[in-house]
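First comes the structure, then the notes that go with it.
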Amino acid sequence: MPCPAGRASAAGASACSDCTPAAKQAGQCALCDPGQILVADASGRFRCSPCAAGSFMSAPGICSTCPSGSYNNATGQTSCISCRSSCPSWTQRVTDQCQATSDLNCEEWKQDMSLIAKMWMLVGTPFVA
C-alpha cells in the first residue's frame, strides 16, 4: 500500500505506520514483522533481522535482553517467558538456573540408598509421637 513520507506498511497490511527513528535517519523506511528490527548490512542496505534468542522486541526497532526471571530460546520474539521458580517434583534438583536463553533445568536426584539404609540402622526406627 502506498504511504506518505515517514510512514510505511508491512507486506499485506491495510494501514501505514511510522518508520523507526533509525530508518528515518538513514533515509530509508521499511517495516519489519513483530520481533524483527531494521539493521544495516555490510553494504549499507537495510534488512529486517530477528531479535536474538534471549532478547525480545521491547519497542519498535529495539531488541532488549530478557529481564531477570524470564527467558526465551527462540529468535524473533516480542516477549519473554517467565522462568519456573522451582523443580516440579521434590525428587528433582536444580542443575542450571534460569538464564536469558533457558528456563531453570531440573534432573532426578539420585540418592545413595545404601547410605540412607546405613543411617536408619544407626538411628533405628524414627520416633513417632
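Residue names in the C-alpha cells use chain letters A, B, ... in the order shown, residue numbers from 1 in each chain, and ligand numbers from 1 in the order shown.
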
As a PDB file with N, CA, C and O atoms, in the first residue's frame, list the residues of segment 25-99 of chain A assigned to strand (DSSP E) by DSSP on the backbone atoms of this structure.
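selection19.pdb, written as the output of this step:
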```pdb
ATOM      1  N   GLN A  36      11.231  -8.371  14.878  1.00  0.00           N
ATOM      2  CA  GLN A  36      12.361  -8.071  13.996  1.00  0.00           C
ATOM      3  C   GLN A  36      12.662  -6.584  14.036  1.00  0.00           C
ATOM      4  O   GLN A  36      11.779  -5.767  14.259  1.00  0.00           O
ATOM      5  N   ILE A  37      13.935  -6.264  13.802  1.00  0.00           N
ATOM      6  CA  ILE A  37      14.344  -4.870  13.743  1.00  0.00           C
ATOM      7  C   ILE A  37      15.057  -4.612  12.418  1.00  0.00           C
ATOM      8  O   ILE A  37      15.526  -5.542  11.763  1.00  0.00           O
ATOM      9  N   LEU A  38      15.123  -3.367  12.027  1.00  0.00           N
ATOM     10  CA  LEU A  38      15.788  -2.967  10.793  1.00  0.00           C
ATOM     11  C   LEU A  38      17.271  -2.758  11.082  1.00  0.00           C
ATOM     12  O   LEU A  38      17.630  -2.003  11.987  1.00  0.00           O
ATOM     13  N   VAL A  39      18.152  -3.461  10.382  1.00  0.00           N
ATOM     14  CA  VAL A  39      19.601  -3.332  10.570  1.00  0.00           C
ATOM     15  C   VAL A  39      20.268  -3.123   9.215  1.00  0.00           C
ATOM     16  O   VAL A  39      19.751  -3.551   8.187  1.00  0.00           O
ATOM     17  N   ALA A  40      21.414  -2.453   9.252  1.00  0.00           N
ATOM     18  CA  ALA A  40      22.178  -2.226   8.025  1.00  0.00           C
ATOM     19  C   ALA A  40      23.159  -3.375   7.833  1.00  0.00           C
ATOM     20  O   ALA A  40      23.817  -3.805   8.787  1.00  0.00           O
ATOM     21  N   PHE A  46      19.557  -1.808   4.181  1.00  0.00           N
ATOM     22  CA  PHE A  46      18.800  -2.221   5.355  1.00  0.00           C
ATOM     23  C   PHE A  46      18.024  -3.493   5.087  1.00  0.00           C
ATOM     24  O   PHE A  46      17.554  -3.733   3.980  1.00  0.00           O
ATOM     25  N   ARG A  47      17.910  -4.314   6.131  1.00  0.00           N
ATOM     26  CA  ARG A  47      17.118  -5.535   6.053  1.00  0.00           C
ATOM     27  C   ARG A  47      16.527  -5.793   7.440  1.00  0.00           C
ATOM     28  O   ARG A  47      17.014  -5.273   8.440  1.00  0.00           O
ATOM     29  N   CYS A  48      15.492  -6.595   7.476  1.00  0.00           N
ATOM     30  CA  CYS A  48      14.884  -6.959   8.744  1.00  0.00           C
ATOM     31  C   CYS A  48      15.653  -8.134   9.338  1.00  0.00           C
ATOM     32  O   CYS A  48      16.016  -9.068   8.630  1.00  0.00           O
ATOM     33  N   SER A  49      15.917  -8.058  10.633  1.00  0.00           N
ATOM     34  CA  SER A  49      16.654  -9.109  11.321  1.00  0.00           C
ATOM     35  C   SER A  49      15.923  -9.428  12.629  1.00  0.00           C
ATOM     36  O   SER A  49      15.520  -8.518  13.351  1.00  0.00           O
ATOM     37  N   PRO A  50      15.738 -10.719  12.941  1.00  0.00           N
ATOM     38  CA  PRO A  50      15.027 -11.067  14.170  1.00  0.00           C
ATOM     39  C   PRO A  50      15.861 -10.746  15.408  1.00  0.00           C
ATOM     40  O   PRO A  50      17.092 -10.816  15.377  1.00  0.00           O
ATOM     41  N   SER A  55      16.486 -12.387  23.908  1.00  0.00           N
ATOM     42  CA  SER A  55      16.057 -10.989  23.848  1.00  0.00           C
ATOM     43  C   SER A  55      14.670 -10.930  23.226  1.00  0.00           C
ATOM     44  O   SER A  55      14.140 -11.930  22.757  1.00  0.00           O
ATOM     45  N   PHE A  56      14.068  -9.751  23.255  1.00  0.00           N
ATOM     46  CA  PHE A  56      12.736  -9.555  22.690  1.00  0.00           C
ATOM     47  C   PHE A  56      12.624  -8.133  22.172  1.00  0.00           C
ATOM     48  O   PHE A  56      13.425  -7.272  22.529  1.00  0.00           O
ATOM     49  N   MET A  57      11.661  -7.897  21.309  1.00  0.00           N
ATOM     50  CA  MET A  57      11.439  -6.553  20.779  1.00  0.00           C
ATOM     51  C   MET A  57      10.661  -5.772  21.830  1.00  0.00           C
ATOM     52  O   MET A  57       9.471  -5.967  22.014  1.00  0.00           O
ATOM     53  N   SER A  58      11.358  -4.881  22.555  1.00  0.00           N
ATOM     54  CA  SER A  58      10.748  -4.135  23.651  1.00  0.00           C
ATOM     55  C   SER A  58      10.027  -2.879  23.166  1.00  0.00           C
ATOM     56  O   SER A  58       9.145  -2.372  23.844  1.00  0.00           O
ATOM     57  N   ALA A  59      10.394  -2.379  22.017  1.00  0.00           N
ATOM     58  CA  ALA A  59       9.769  -1.216  21.383  1.00  0.00           C
ATOM     59  C   ALA A  59      10.127  -1.297  19.906  1.00  0.00           C
ATOM     60  O   ALA A  59      11.065  -2.009  19.540  1.00  0.00           O
ATOM     61  N   ILE A  62      13.822  -1.883  18.676  1.00  0.00           N
ATOM     62  CA  ILE A  62      14.713  -2.106  19.818  1.00  0.00           C
ATOM     63  C   ILE A  62      14.576  -3.527  20.341  1.00  0.00           C
ATOM     64  O   ILE A  62      13.491  -3.957  20.717  1.00  0.00           O
ATOM     65  N   CYS A  63      15.691  -4.262  20.358  1.00  0.00           N
ATOM     66  CA  CYS A  63      15.738  -5.583  20.988  1.00  0.00           C
ATOM     67  C   CYS A  63      16.379  -5.408  22.355  1.00  0.00           C
ATOM     68  O   CYS A  63      17.418  -4.767  22.472  1.00  0.00           O
ATOM     69  N   SER A  64      15.766  -5.966  23.389  1.00  0.00           N
ATOM     70  CA  SER A  64      16.288  -5.887  24.755  1.00  0.00           C
ATOM     71  C   SER A  64      16.464  -7.291  25.314  1.00  0.00           C
ATOM     72  O   SER A  64      15.710  -8.203  24.966  1.00  0.00           O
ATOM     73  N   THR A  65      17.434  -7.447  26.200  1.00  0.00           N
ATOM     74  CA  THR A  65      17.660  -8.733  26.863  1.00  0.00           C
ATOM     75  C   THR A  65      16.475  -9.052  27.759  1.00  0.00           C
ATOM     76  O   THR A  65      15.903  -8.158  28.386  1.00  0.00           O
ATOM     77  N   SER A  70      13.176 -14.384  33.528  1.00  0.00           N
ATOM     78  CA  SER A  70      12.474 -14.740  32.296  1.00  0.00           C
ATOM     79  C   SER A  70      13.488 -15.145  31.232  1.00  0.00           C
ATOM     80  O   SER A  70      14.675 -14.900  31.363  1.00  0.00           O
ATOM     81  N   TYR A  71      12.990 -15.786  30.180  1.00  0.00           N
ATOM     82  CA  TYR A  71      13.865 -16.273  29.115  1.00  0.00           C
ATOM     83  C   TYR A  71      13.065 -16.417  27.824  1.00  0.00           C
ATOM     84  O   TYR A  71      11.850 -16.334  27.804  1.00  0.00           O
ATOM     85  N   ILE A  81       9.409 -15.409  28.416  1.00  0.00           N
ATOM     86  CA  ILE A  81       8.620 -16.378  29.174  1.00  0.00           C
ATOM     87  C   ILE A  81       9.109 -16.374  30.618  1.00  0.00           C
ATOM     88  O   ILE A  81      10.322 -16.400  30.860  1.00  0.00           O
ATOM     89  N   SER A  82       8.201 -16.384  31.577  1.00  0.00           N
ATOM     90  CA  SER A  82       8.592 -16.446  32.989  1.00  0.00           C
ATOM     91  C   SER A  82       9.234 -17.793  33.291  1.00  0.00           C
ATOM     92  O   SER A  82       8.758 -18.834  32.856  1.00  0.00           O
ATOM     93  N   GLN A  92      13.471 -34.013  42.400  1.00  0.00           N
ATOM     94  CA  GLN A  92      14.355 -33.387  41.419  1.00  0.00           C
ATOM     95  C   GLN A  92      15.177 -32.289  42.080  1.00  0.00           C
ATOM     96  O   GLN A  92      14.776 -31.724  43.087  1.00  0.00           O
ATOM     97  N   ARG A  93      16.307 -32.006  41.453  1.00  0.00           N
ATOM     98  CA  ARG A  93      17.147 -30.910  41.932  1.00  0.00           C
ATOM     99  C   ARG A  93      17.499 -30.010  40.758  1.00  0.00           C
ATOM    100  O   ARG A  93      17.478 -30.432  39.597  1.00  0.00           O
ATOM    101  N   VAL A  94      17.816 -28.762  41.056  1.00  0.00           N
ATOM    102  CA  VAL A  94      18.168 -27.782  40.030  1.00  0.00           C
ATOM    103  C   VAL A  94      19.572 -28.073  39.518  1.00  0.00           C
ATOM    104  O   VAL A  94      20.502 -28.238  40.301  1.00  0.00           O
ATOM    105  N   THR A  95      19.717 -28.151  38.205  1.00  0.00           N
ATOM    106  CA  THR A  95      21.037 -28.347  37.603  1.00  0.00           C
ATOM    107  C   THR A  95      21.545 -27.048  36.969  1.00  0.00           C
ATOM    108  O   THR A  95      22.737 -26.822  36.928  1.00  0.00           O
ATOM    109  N   ASP A  96      20.641 -26.221  36.461  1.00  0.00           N
ATOM    110  CA  ASP A  96      21.019 -24.942  35.852  1.00  0.00           C
ATOM    111  C   ASP A  96      19.961 -23.907  36.205  1.00  0.00           C
ATOM    112  O   ASP A  96      18.763 -24.178  36.071  1.00  0.00           O
TER     113      ASP A  96
END
```

Gap from atom CA of Asp41 of chain A to atom CA of Asp18 of chain A - Å, one decimal: 21.9 Å

Using only C-alpha atoms for the distances, tell me which of A:Ala15, A:Cys3, A:Cys66, A:Cys80 is nearest to Ala100 of chain A. A:Cys66

Can you list, as a count of residues only, every protein, DNA or RNA residue that comes within 8 Å of Pro34 of chain A when you count only C-alpha atoms, leaving out same-chain residues fewer than 6 positions away? 4

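Computed from the coordinates, the atom CA of Ala53 of chain A to atom CA of Asn72 of chain A distance equals 6.0 Å.
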
Going by DSSP on the backbone, which residues of segment 15-114 of chain A come out as alpha helix (DSSP H)? List them as a VMD selection string. chain A and resid 21 to 25 113 to 114

Residue selection dump (C-alpha atoms) as a CSV table (one decimal), in the first residue's frame:
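Saved to result12.csv:
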```csv
chain,number,residue,atom,x,y,z
A,21,PRO,CA,13.9,6.5,14.0
A,22,ALA,CA,17.0,4.6,12.8
A,23,ALA,CA,15.4,4.1,9.3
A,24,LYS,CA,14.4,7.8,9.1
A,25,GLN,CA,18.0,8.8,9.9
A,113,MET,CA,20.1,-45.7,49.0
A,114,SER,CA,22.8,-47.7,50.8
```
